[in-house]
$ cat final-v5.tsv   # TSV, C-alpha atoms
chain	number	residue	atom	x	y	z
A	1	MET	CA	0.00	0.00	0.00
A	2	ALA	CA	1.44	3.33	-1.05
A	3	ASN	CA	2.24	5.82	1.60
A	4	LEU	CA	-0.34	8.61	2.03
A	5	LYS	CA	2.28	11.31	2.04
A	6	GLU	CA	3.91	10.04	-1.15
A	7	VAL	CA	0.63	10.06	-3.04
A	8	LYS	CA	-0.13	13.55	-1.82
A	9	GLN	CA	3.26	14.73	-3.05
A	10	ARG	CA	2.68	13.26	-6.49
A	11	ILE	CA	-0.70	14.96	-6.72
A	12	THR	CA	0.90	18.32	-6.00
A	13	SER	CA	3.65	17.82	-8.54
A	14	VAL	CA	1.30	16.62	-11.30
A	15	SER	CA	-1.09	19.49	-10.80
A	16	SER	CA	1.69	22.08	-10.94
A	17	THR	CA	2.92	20.51	-14.17
A	18	GLN	CA	-0.60	20.71	-15.48
A	19	GLN	CA	-0.69	24.41	-14.73
A	20	ILE	CA	2.45	24.90	-16.78
A	21	THR	CA	1.17	22.97	-19.78
A	22	LYS	CA	-2.11	24.85	-19.60
A	23	ALA	CA	-0.29	28.18	-19.64
A	24	MET	CA	1.92	27.06	-22.51
A	25	LYS	CA	-1.12	26.06	-24.48
A	26	MET	CA	-2.64	29.48	-23.97
A	27	VAL	CA	0.57	31.23	-25.02
A	28	ALA	CA	0.85	29.01	-28.11
A	29	ALA	CA	-2.74	29.83	-29.05
A	30	ALA	CA	-2.03	33.55	-28.87
A	31	LYS	CA	1.15	33.19	-30.90
A	32	LEU	CA	-0.64	31.02	-33.42
A	33	ARG	CA	-3.20	33.74	-33.99
A	34	LYS	CA	-0.39	36.22	-34.65
A	35	ALA	CA	1.33	33.82	-37.02
A	36	GLN	CA	-1.87	33.19	-38.96
A	37	ASP	CA	-2.42	36.91	-39.14
A	38	LYS	CA	0.96	37.30	-40.80
A	39	ILE	CA	0.00	34.74	-43.44
A	40	LEU	CA	-3.22	36.60	-44.14
A	41	LYS	CA	-1.41	39.92	-44.43
A	42	MET	CA	1.06	38.49	-46.90
A	43	ARG	CA	-1.66	37.08	-49.15
A	44	PRO	CA	-2.71	40.28	-51.03
A	45	TYR	CA	0.93	40.94	-51.90
A	46	SER	CA	1.66	37.46	-53.19
A	47	GLN	CA	-1.62	37.23	-55.10
A	48	LYS	CA	-1.08	40.54	-56.86
A	49	LEU	CA	2.49	39.62	-57.64
A	50	THR	CA	1.36	36.33	-59.19
A	51	THR	CA	-1.26	38.05	-61.34
A	52	ILE	CA	1.19	40.63	-62.62
A	53	LEU	CA	3.80	37.96	-63.28
A	54	ASP	CA	1.26	35.83	-65.15
A	55	ASP	CA	0.24	38.81	-67.24
A	56	VAL	CA	3.79	39.68	-68.13
A	57	VAL	CA	4.76	36.08	-68.83
A	58	SER	CA	1.83	35.60	-71.16
A	59	SER	CA	2.79	38.74	-73.04
A	60	MET	CA	6.30	37.35	-73.50
A	61	GLY	CA	4.96	34.41	-75.48
A	62	GLY	CA	7.10	31.73	-73.84
A	63	ASP	CA	10.34	33.40	-74.77
A	64	LEU	CA	11.96	33.28	-71.35
A	65	ASP	CA	15.47	32.86	-70.15
A	66	ILE	CA	15.72	33.20	-66.41
A	67	VAL	CA	18.92	32.68	-64.43
A	68	TYR	CA	16.93	31.22	-61.53
A	69	GLY	CA	15.46	28.52	-63.73
A	70	GLU	CA	18.72	27.14	-65.05
A	71	GLN	CA	18.91	23.34	-64.79
A	72	ARG	CA	22.42	22.11	-64.10
A	73	PRO	CA	23.81	18.67	-63.27
A	74	VAL	CA	23.43	18.51	-59.50
A	75	GLU	CA	26.71	18.47	-57.60
A	76	ASN	CA	26.10	20.76	-54.67
A	77	VAL	CA	22.81	20.87	-52.85
A	78	LEU	CA	21.63	23.26	-50.20
A	79	ILE	CA	18.96	21.95	-47.87
A	80	VAL	CA	17.08	24.51	-45.84
A	81	ALA	CA	15.62	22.76	-42.81
A	82	MET	CA	13.06	24.80	-40.90
A	83	THR	CA	12.51	23.82	-37.29
A	84	SER	CA	11.67	25.84	-34.20
A	85	ASP	CA	13.82	27.41	-31.50
A	86	LYS	CA	12.02	25.68	-28.67
A	87	GLY	CA	10.87	22.14	-28.02
A	88	LEU	CA	7.68	20.78	-26.46
A	89	CYS	CA	5.80	20.82	-29.72
A	90	GLY	CA	5.27	17.15	-30.42
A	91	ALA	CA	6.87	15.63	-33.48
A	92	PHE	CA	7.23	19.01	-35.21
A	93	ASN	CA	11.02	19.18	-35.14
A	94	ALA	CA	11.60	15.45	-35.35
A	95	ASN	CA	9.59	15.31	-38.58
A	96	VAL	CA	11.67	17.99	-40.27
A	97	ILE	CA	14.92	16.38	-39.20
A	98	LYS	CA	13.70	12.95	-40.26
A	99	ALA	CA	12.59	14.19	-43.69
A	100	SER	CA	15.78	16.15	-44.37
A	101	SER	CA	17.99	13.31	-43.17
A	102	TYR	CA	16.06	10.97	-45.42
A	103	ILE	CA	16.65	13.02	-48.56
A	104	ILE	CA	20.30	13.54	-47.57
A	105	GLU	CA	20.84	9.80	-47.23
A	106	ASN	CA	18.80	8.75	-50.25
A	107	THR	CA	18.08	11.36	-52.91
A	108	TYR	CA	21.35	13.26	-52.47
A	109	LYS	CA	23.67	10.55	-51.21
A	110	ASP	CA	26.16	11.02	-54.06
A	111	VAL	CA	26.38	14.80	-54.01
A	112	ASN	CA	27.79	17.43	-51.69
A	113	VAL	CA	25.14	18.46	-49.22
A	114	THR	CA	25.17	21.64	-47.22
A	115	VAL	CA	22.48	22.24	-44.65
A	116	MET	CA	21.11	25.64	-43.75
A	117	PRO	CA	19.32	25.17	-40.45
A	118	LEU	CA	16.63	27.70	-39.60
A	119	GLY	CA	15.66	27.43	-35.95
A	120	LYS	CA	17.78	26.31	-33.03
A	121	LYS	CA	16.69	22.66	-33.08
A	122	ALA	CA	17.99	22.02	-36.58
A	123	LEU	CA	21.16	23.95	-35.80
A	124	ASP	CA	21.81	21.76	-32.75
A	125	PHE	CA	21.15	18.56	-34.64
A	126	TYR	CA	23.10	19.23	-37.82
A	127	GLY	CA	25.85	21.08	-35.98
A	128	LYS	CA	26.56	18.02	-33.84
A	129	LYS	CA	26.33	15.60	-36.75
A	130	GLY	CA	29.25	17.26	-38.48
A	131	PHE	CA	27.44	18.35	-41.63
A	132	LYS	CA	28.58	21.33	-43.60
A	133	ILE	CA	26.24	24.01	-42.33
A	134	ILE	CA	25.42	27.64	-42.93
A	135	ALA	CA	24.39	28.83	-39.52
A	136	ASP	CA	24.16	32.58	-40.13
A	137	PHE	CA	20.39	32.62	-40.33
A	138	SER	CA	19.41	30.07	-37.70
A	139	ASP	CA	17.85	32.68	-35.43
A	140	VAL	CA	15.21	33.85	-37.93
A	141	PHE	CA	12.29	32.57	-35.87
A	142	PHE	CA	13.21	34.90	-33.05
A	143	ASP	CA	11.60	37.67	-35.05
A	144	VAL	CA	9.80	36.66	-38.22
A	145	ASN	CA	9.42	39.52	-40.68
A	146	TYR	CA	9.93	39.96	-44.38
A	147	ASP	CA	13.13	41.90	-44.03
A	148	ASN	CA	14.92	39.12	-42.13
A	149	VAL	CA	13.60	36.39	-44.38
A	150	ARG	CA	14.48	38.33	-47.51
A	151	ALA	CA	18.13	38.29	-46.51
A	152	ILE	CA	18.05	34.48	-46.36
A	153	SER	CA	16.36	33.99	-49.71
A	154	GLU	CA	18.66	36.52	-51.32
A	155	TYR	CA	21.62	34.61	-49.95
A	156	ALA	CA	20.30	31.34	-51.37
A	157	MET	CA	19.49	32.92	-54.74
A	158	GLU	CA	22.91	34.53	-54.97
A	159	ALA	CA	24.57	31.21	-54.12
A	160	PHE	CA	22.55	29.51	-56.85
A	161	VAL	CA	23.35	32.09	-59.50
A	162	SER	CA	27.06	32.06	-58.64
A	163	LYS	CA	26.92	28.25	-59.01
A	164	ARG	CA	27.92	27.43	-55.46
A	165	PHE	CA	24.76	25.35	-55.32
A	166	ASP	CA	22.94	23.67	-58.18
A	167	LYS	CA	19.81	23.02	-56.22
A	168	VAL	CA	18.12	24.51	-53.19
A	169	VAL	CA	15.52	22.48	-51.33
A	170	LEU	CA	13.23	23.61	-48.53
A	171	VAL	CA	12.04	21.20	-45.84
A	172	TYR	CA	9.30	22.57	-43.62
A	173	ASN	CA	5.95	21.91	-42.00
A	174	HIS	CA	3.07	22.99	-44.15
A	175	PHE	CA	0.26	24.52	-42.11
A	176	LYS	CA	-2.81	22.53	-43.05
A	177	ASN	CA	-4.88	23.48	-40.06
A	178	VAL	CA	-4.29	24.10	-36.37
A	179	ALA	CA	-4.02	20.41	-35.53
A	180	THR	CA	-2.39	19.10	-38.72
A	181	GLN	CA	1.04	19.85	-40.09
A	182	GLU	CA	2.21	18.32	-43.30
A	183	ILE	CA	5.90	17.82	-43.83
A	184	THR	CA	6.82	19.35	-47.18
A	185	VAL	CA	9.95	18.97	-49.27
A	186	GLU	CA	9.92	21.69	-51.87
A	187	GLN	CA	12.39	22.60	-54.57
A	188	PHE	CA	13.17	26.29	-54.32
A	189	LEU	CA	15.82	26.61	-57.01
A	190	PRO	CA	16.00	26.06	-59.92
A	191	MET	CA	12.54	27.47	-59.89
A	192	GLY	CA	9.68	25.24	-60.89
A	193	GLY	CA	8.03	25.59	-64.24
A	194	ASP	CA	4.58	26.28	-62.85
A	195	LEU	CA	5.54	29.74	-61.64
A	196	LEU	CA	6.30	30.72	-65.19
A	197	ALA	CA	3.88	28.42	-66.95
A	198	GLU	CA	1.61	30.13	-69.40
A	199	LYS	CA	-2.01	29.95	-68.43
A	200	GLU	CA	-4.07	28.59	-71.31
A	201	ASP	CA	-7.07	30.84	-70.88
A	202	LYS	CA	-5.06	33.98	-70.37
A	203	LYS	CA	-6.16	36.86	-72.51
A	204	GLU	CA	-3.43	38.91	-74.08
A	205	SER	CA	-3.17	41.96	-71.85
A	206	ASP	CA	-1.91	45.18	-73.32
A	207	TYR	CA	0.12	46.62	-70.51
A	208	ILE	CA	2.86	49.08	-71.19
A	209	LEU	CA	5.92	47.52	-69.59
A	210	GLU	CA	8.40	50.03	-68.24
A	211	PRO	CA	11.33	50.18	-68.83
A	212	SER	CA	11.19	46.92	-70.83
A	213	LYS	CA	9.62	43.46	-70.73
A	214	GLU	CA	12.93	41.82	-69.86
A	215	TYR	CA	13.64	44.29	-67.09
A	216	VAL	CA	10.23	43.83	-65.53
A	217	ILE	CA	10.56	40.04	-65.64
A	218	GLU	CA	14.00	40.25	-64.09
A	219	GLU	CA	12.55	42.32	-61.29
A	220	LEU	CA	9.45	40.22	-60.78
A	221	VAL	CA	10.96	36.75	-60.68
A	222	PRO	CA	13.24	37.30	-57.67
A	223	LYS	CA	10.33	38.95	-55.88
A	224	ALA	CA	8.13	35.94	-56.54
A	225	LEU	CA	10.88	33.64	-55.26
A	226	LYS	CA	11.37	35.67	-52.12
A	227	THR	CA	7.64	35.61	-51.52
A	228	GLN	CA	7.65	31.83	-51.93
A	229	PHE	CA	10.42	31.53	-49.37
A	230	TYR	CA	8.71	33.90	-46.97
A	231	LYS	CA	5.52	31.91	-47.27
A	232	ALA	CA	7.35	28.71	-46.31
A	233	VAL	CA	8.84	30.41	-43.25
A	234	LEU	CA	5.45	31.77	-42.20
A	235	GLU	CA	3.83	28.38	-42.66
A	236	SER	CA	6.50	26.73	-40.57
A	237	ASN	CA	6.08	29.38	-37.90
A	238	ALA	CA	2.33	28.92	-37.73
A	239	SER	CA	2.73	25.13	-37.75
A	240	GLU	CA	5.09	25.31	-34.80
A	241	HIS	CA	2.57	27.13	-32.65
A	242	GLY	CA	-0.23	24.89	-33.83
A	243	ALA	CA	1.82	21.80	-32.97
A	244	ARG	CA	2.73	23.18	-29.57
A	245	MET	CA	-0.86	24.06	-28.85
A	246	THR	CA	-2.15	20.57	-29.64
A	247	SER	CA	0.64	18.80	-27.80
A	248	MET	CA	0.19	20.99	-24.72
A	249	ASP	CA	-3.54	20.39	-24.86
A	250	LYS	CA	-2.87	16.64	-24.89
A	251	ALA	CA	-0.45	17.00	-21.99
A	252	THR	CA	-3.01	18.91	-19.94
A	253	GLU	CA	-5.57	16.22	-20.65
A	254	ASN	CA	-3.15	13.46	-19.65
A	255	ALA	CA	-2.33	15.28	-16.43
A	256	ASN	CA	-6.04	15.40	-15.72
A	257	ASP	CA	-6.38	11.64	-16.13
A	258	LEU	CA	-3.35	11.06	-13.94
A	259	LEU	CA	-4.73	13.35	-11.25
A	260	LYS	CA	-8.02	11.48	-11.23
A	261	GLU	CA	-6.24	8.18	-10.72
A	262	LEU	CA	-3.99	9.56	-8.02
A	263	LYS	CA	-6.89	11.10	-6.13
A	264	LEU	CA	-8.70	7.77	-6.20
A	265	GLN	CA	-5.61	6.06	-4.89
A	266	TYR	CA	-5.21	8.70	-2.21
A	267	ASN	CA	-8.76	8.27	-0.98
A	268	ARG	CA	-8.49	4.49	-1.02
A	269	THR	CA	-5.30	4.60	1.00
A	270	ARG	CA	-6.86	7.01	3.47
A	271	GLN	CA	-9.95	4.83	3.82
A	272	ALA	CA	-7.82	1.73	4.35
A	273	ALA	CA	-5.84	3.48	7.06
A	274	ILE	CA	-9.06	4.49	8.89
A	275	THR	CA	-10.53	1.00	8.61
A	276	ASN	CA	-7.32	-0.42	9.98
A	277	GLU	CA	-7.37	1.92	12.93
A	278	ILE	CA	-11.01	1.09	13.79
A	279	LEU	CA	-10.24	-2.60	13.54
A	280	GLU	CA	-7.37	-2.21	15.92
A	281	ILE	CA	-9.47	-0.25	18.43
A	282	VAL	CA	-12.35	-2.71	18.25
A	283	ALA	CA	-10.01	-5.66	18.59
A	284	GLY	CA	-8.34	-3.98	21.55
A	285	ALA	CA	-11.70	-3.24	23.24
A	286	ASN	CA	-12.85	-6.81	22.62
A	287	ALA	CA	-9.70	-8.18	24.13
A	288	LEU	CA	-10.17	-6.02	27.24
A	289	GLY	CA	-13.94	-6.93	27.51
A	290	GLY	CA	-13.18	-10.65	27.23
A	291	ALA	CA	-10.76	-10.54	30.10
B	292	MET	CA	-8.11	56.89	-58.61
B	293	GLN	CA	-7.73	54.11	-56.14
B	294	LEU	CA	-4.20	53.60	-54.79
B	295	THR	CA	-3.08	50.61	-52.76
B	296	ILE	CA	0.40	50.25	-51.34
B	297	ILE	CA	1.21	46.80	-49.99
B	298	THR	CA	4.27	45.09	-48.59
B	299	PRO	CA	4.50	41.42	-47.57
B	300	ASP	CA	4.12	42.49	-43.94
B	301	GLN	CA	1.29	44.99	-44.16
B	302	LYS	CA	-0.99	47.26	-46.14
B	303	VAL	CA	0.62	50.68	-46.00
B	304	PHE	CA	-2.06	52.74	-47.71
B	305	GLU	CA	-5.38	52.27	-49.43
B	306	GLY	CA	-7.53	55.10	-50.64
B	307	GLU	CA	-8.55	57.68	-53.17
B	308	VAL	CA	-5.77	59.81	-54.68
B	309	GLU	CA	-5.65	62.59	-57.28
B	310	GLU	CA	-2.14	61.86	-58.52
B	311	ALA	CA	0.78	59.64	-57.66
B	312	THR	CA	4.47	59.84	-58.47
B	313	PHE	CA	6.75	56.79	-58.58
B	314	PRO	CA	10.52	56.28	-58.84
B	315	GLY	CA	10.63	54.37	-62.15
B	316	ALA	CA	13.73	52.49	-63.20
B	317	ASN	CA	14.35	55.14	-65.89
B	318	GLY	CA	13.40	58.13	-63.78
B	319	SER	CA	10.46	59.24	-61.76
B	320	PHE	CA	7.02	59.48	-63.39
B	321	GLN	CA	3.57	60.68	-62.48
B	322	VAL	CA	0.27	58.87	-62.89
B	323	LEU	CA	-2.90	60.90	-63.38
B	324	LYS	CA	-6.49	59.92	-63.92
B	325	ASN	CA	-7.21	57.63	-66.92
B	326	HIS	CA	-3.62	56.61	-67.35
B	327	ALA	CA	-3.03	53.75	-69.79
B	328	ALA	CA	-2.54	50.27	-68.35
B	329	LEU	CA	1.03	49.98	-67.18
B	330	VAL	CA	3.38	47.74	-65.26
B	331	SER	CA	6.61	49.34	-64.20
B	332	ALA	CA	9.61	48.28	-62.18
B	333	LEU	CA	10.60	50.79	-59.54
B	334	THR	CA	13.91	51.55	-57.91
B	335	LYS	CA	14.70	52.76	-54.45
B	336	GLY	CA	13.25	56.21	-54.02
B	337	ALA	CA	10.33	58.35	-52.98
B	338	VAL	CA	6.70	57.61	-53.74
B	339	SER	CA	4.39	60.55	-53.33
B	340	TYR	CA	0.65	60.88	-53.73
B	341	THR	CA	-1.96	63.56	-53.19
B	342	THR	CA	-5.14	62.80	-51.33
B	343	LYS	CA	-7.84	65.25	-50.28
B	344	GLU	CA	-5.90	65.79	-47.05
B	345	GLY	CA	-2.73	66.72	-48.91
B	346	LYS	CA	0.50	65.25	-50.17
B	347	LYS	CA	2.18	62.25	-48.61
B	348	ILE	CA	5.61	60.78	-49.24
B	349	HIS	CA	6.98	57.30	-48.55
B	350	THR	CA	10.41	55.95	-49.35
B	351	ILE	CA	10.44	52.49	-50.86
B	352	ASP	CA	13.20	49.98	-51.40
B	353	GLY	CA	12.27	49.05	-54.96
B	354	GLY	CA	9.07	47.46	-56.13
B	355	VAL	CA	6.55	47.08	-58.92
B	356	VAL	CA	3.56	49.22	-59.76
B	357	GLU	CA	0.54	48.22	-61.80
B	358	VAL	CA	-1.88	50.77	-63.20
B	359	ASN	CA	-5.09	49.48	-64.70
B	360	ASP	CA	-8.51	51.07	-65.08
B	361	ASN	CA	-7.80	53.86	-62.58
B	362	LYS	CA	-6.62	51.37	-60.00
B	363	ILE	CA	-3.01	51.61	-58.91
B	364	VAL	CA	-1.37	48.81	-56.97
B	365	LEU	CA	2.12	49.32	-55.65
B	366	LEU	CA	3.99	46.26	-54.44
B	367	ALA	CA	6.96	47.34	-52.39
B	368	GLU	CA	9.33	45.00	-50.59
B	369	LYS	CA	9.92	47.55	-47.90
B	370	VAL	CA	8.52	50.94	-47.03
B	371	ILE	CA	10.77	53.14	-45.00
B	372	GLY	CA	8.78	55.87	-43.30
$ encode --input "final-v5.tsv" --output "structure tokens"
Amino acid sequence: MANLKEVKQRITSVSSTQQITKAMKMVAAAKLRKAQDKILKMRPYSQKLTTILDDVVSSMGGDLDIVYGEQRPVENVLIVAMTSDKGLCGAFNANVIKASSYIIENTYKDVNVTVMPLGKKALDFYGKKGFKIIADFSDVFFDVNYDNVRAISEYAMEAFVSKRFDKVVLVYNHFKNVATQEITVEQFLPMGGDLLAEKEDKKESDYILEPSKEYVIEELVPKALKTQFYKAVLESNASEHGARMTSMDKATENANDLLKELKLQYNRTRQAAITNEILEIVAGANALGGA
Amino acid sequence: MQLTIITPDQKVFEGEVEEATFPGANGSFQVLKNHAALVSALTKGAVSYTTKEGKKIHTIDGGVVEVNDNKIVLLAEKVIG
């Protein structure tokens, strides 16, 4: 039979843990709202940019030569792994690390791989494993805004154009909804065809393009790429808070179950102790009476 | 004319304007009512526009502007002040 005091101590410790997980859940919910807000605010920009780009591309008539689309034999790959700075968010970080390690060991096992970890968890993991890493941007999730993220995508784009990398791949959690994150492996560079694909039903628009078609395209394409990168970072950020919220909610629930069990055990132990005492008194009285 | 200035982080301005001036790649230009449809790349510089309340100026770090049917949309990567 467990000691009364021990059970009491466990109850106290479990309920204080529960308070922490509850608070963390609340904080994650607030941060999630902020992160979702950022995604919504970015949407008008990216939508308009896509429409303008589509318009301009369709007026070019498929005559495009973009440095960011150049397909080269792959020798050097940059993998951008987006995790979080903090733990306690379920399988969020483990999934990213698992997916990036998988493509490193399988898809890119014969080429030079460099990892760019975003978020402290990926930095810790790949730093210890002895991979070639670019750690300059790992603290981006401390303050997510376009300016910070732009520096990263510009770095990656410059490295691609100067042929230091032939391929840039993003690994991140896609924000499906609050409770579901989908691990996504996305090719960032060379840029996919669909961004520049001509839409079939597009009417020929008669925009004046200043200063020239080529110039406008050259300006628009990097912007579209940077927006794509920013979107991935925002998605990962929102996913992190969503994952933390659900896992903390689960933890709070589990603590509740545990508390219920412990309280039952506590009461049983207490009852047993009382019964024992009465038995002893009665037995003692009987013994005296019999004498 | 309707002018909208957006960055990836926020909507900087949305409203009715009488004229707007942009820092085009080949020099600054002004857009007045019933301007022809236009897409122009912009460089770093000052964007100014006149509303009923008066003239306002923002500095942008490059961007793209689209003018179509008296609607102007300015996509700027960064607006400084």
$ interface_residues --input "final-v5.tsv" --of "chain B" --to "chain A" --cutoff "9 Å" --atoms "only C-alpha atoms" --output "list in words"
Ile297, Thr298, Pro299, Asp300, Gln301, Lys302, Gly315, Ala316, Asn317, Ala327, Ala328, Leu329, Val330, Ser331, Ala332, Leu333, Gly354, Val355, Glu357, Val358, Asn359, Val364, Leu366, Ala367, Glu368 and Lys369 of chain B
$ residues_around --input "final-v5.tsv" --residues "Asn361 in chain B" --least-positions-apart "5" --cutoff "9 Å" --atoms "only C-alpha atoms" --output "PyMOL selection string"
chain B and resi 292-294+323-328
$ atom_distance --input "final-v5.tsv" --atom1 "CA of Ser162 in chain A" --atom2 "CA of Asp139 in chain A"
25.0 Å
$ residues_around --input "final-v5.tsv" --residues "range 99-110 of chain A" --least-positions-apart "6" --cutoff "8 Å" --atoms "all atoms listed in the file" --output "list in words"
Val77, Ile79, Ala81, Val171, Ile183 and Val185 of chain A
$ atom_distance --input "final-v5.tsv" --atom1 "CA of Glu307 in chain B" --atom2 "CA of Lys335 in chain B"
23.8 Å
$ closest_residue --input "final-v5.tsv" --among "B:Thr312, B:Thr295, B:Gln321, B:Thr334" --to "Gly353 in chain B" --atoms "all atoms listed in the file"
B:Thr334
$ atom_distance --input "final-v5.tsv" --atom1 "CA of Val370 in chain B" --atom2 "CA of Asp352 in chain B"
6.5 Å
$ closest_residue --input "final-v5.tsv" --among "A:Leu170, A:Ala251, A:Leu264, A:Leu258" --to "Lys22 in chain A" --atoms "only C-alpha atoms"
A:Ala251
$ residues_around --input "final-v5.tsv" --residues "range 336-339 of chain B" --least-positions-apart "2" --cutoff "7 Å" --atoms "all atoms listed in the file" --output "ChimeraX atom specification"
/B:311-314,334,346-352
$ closest_residue --input "final-v5.tsv" --among "A:Ala159, A:Gly119, A:Arg10, A:Ala243" --to "Lys260 in chain A" --atoms "all atoms listed in the file"
A:Arg10
$ closest_residue --input "final-v5.tsv" --among "A:Val14, A:Ala238, A:Ile97, A:Ile134" --to "His174 in chain A" --atoms "all atoms listed in the file"
A:Ala238
$ residues_around --input "final-v5.tsv" --residues "Lys121 in chain A" --least-positions-apart "5" --cutoff "10 Å" --atoms "only C-alpha atoms" --output "list in words"
Ala81, Met82, Thr83, Ser84, Asp85, Lys86, Gly87, Asn93, Ala94, Val96, Ile97, Tyr126, Gly127 and Ser138 of chain A
$ closest_residue --input "final-v5.tsv" --among "A:Ala285, A:Leu262, A:Ala156, A:Ala255" --to "Lys5 in chain A" --atoms "only C-alpha atoms"
A:Leu262
$ closest_residue --input "final-v5.tsv" --among "A:Ala224, A:Met26, A:Leu88, A:Val168" --to "Asp54 in chain A" --atoms "only C-alpha atoms"
A:Ala224
$ decode --input "final-v5.tsv" --residues "range 20-45 of chain A" --atoms "C-alpha atoms" --output "PDB file, in the first residue's frame"
ATOM      1  CA  ILE A  20       2.452  24.901 -16.776  1.00  0.00           C
ATOM      2  CA  THR A  21       1.169  22.969 -19.776  1.00  0.00           C
ATOM      3  CA  LYS A  22      -2.108  24.850 -19.601  1.00  0.00           C
ATOM      4  CA  ALA A  23      -0.293  28.176 -19.635  1.00  0.00           C
ATOM      5  CA  MET A  24       1.922  27.058 -22.508  1.00  0.00           C
ATOM      6  CA  LYS A  25      -1.124  26.061 -24.480  1.00  0.00           C
ATOM      7  CA  MET A  26      -2.639  29.482 -23.971  1.00  0.00           C
ATOM      8  CA  VAL A  27       0.571  31.227 -25.024  1.00  0.00           C
ATOM      9  CA  ALA A  28       0.853  29.015 -28.107  1.00  0.00           C
ATOM     10  CA  ALA A  29      -2.742  29.831 -29.045  1.00  0.00           C
ATOM     11  CA  ALA A  30      -2.032  33.553 -28.871  1.00  0.00           C
ATOM     12  CA  LYS A  31       1.154  33.188 -30.901  1.00  0.00           C
ATOM     13  CA  LEU A  32      -0.639  31.024 -33.422  1.00  0.00           C
ATOM     14  CA  ARG A  33      -3.196  33.738 -33.986  1.00  0.00           C
ATOM     15  CA  LYS A  34      -0.389  36.219 -34.649  1.00  0.00           C
ATOM     16  CA  ALA A  35       1.333  33.821 -37.025  1.00  0.00           C
ATOM     17  CA  GLN A  36      -1.867  33.193 -38.963  1.00  0.00           C
ATOM     18  CA  ASP A  37      -2.418  36.906 -39.135  1.00  0.00           C
ATOM     19  CA  LYS A  38       0.959  37.298 -40.801  1.00  0.00           C
ATOM     20  CA  ILE A  39      -0.002  34.742 -43.437  1.00  0.00           C
ATOM     21  CA  LEU A  40      -3.225  36.604 -44.145  1.00  0.00           C
ATOM     22  CA  LYS A  41      -1.408  39.924 -44.434  1.00  0.00           C
ATOM     23  CA  MET A  42       1.059  38.488 -46.902  1.00  0.00           C
ATOM     24  CA  ARG A  43      -1.663  37.079 -49.150  1.00  0.00           C
ATOM     25  CA  PRO A  44      -2.708  40.278 -51.034  1.00  0.00           C
ATOM     26  CA  TYR A  45       0.932  40.940 -51.899  1.00  0.00           C
TER      27      TYR A  45
END
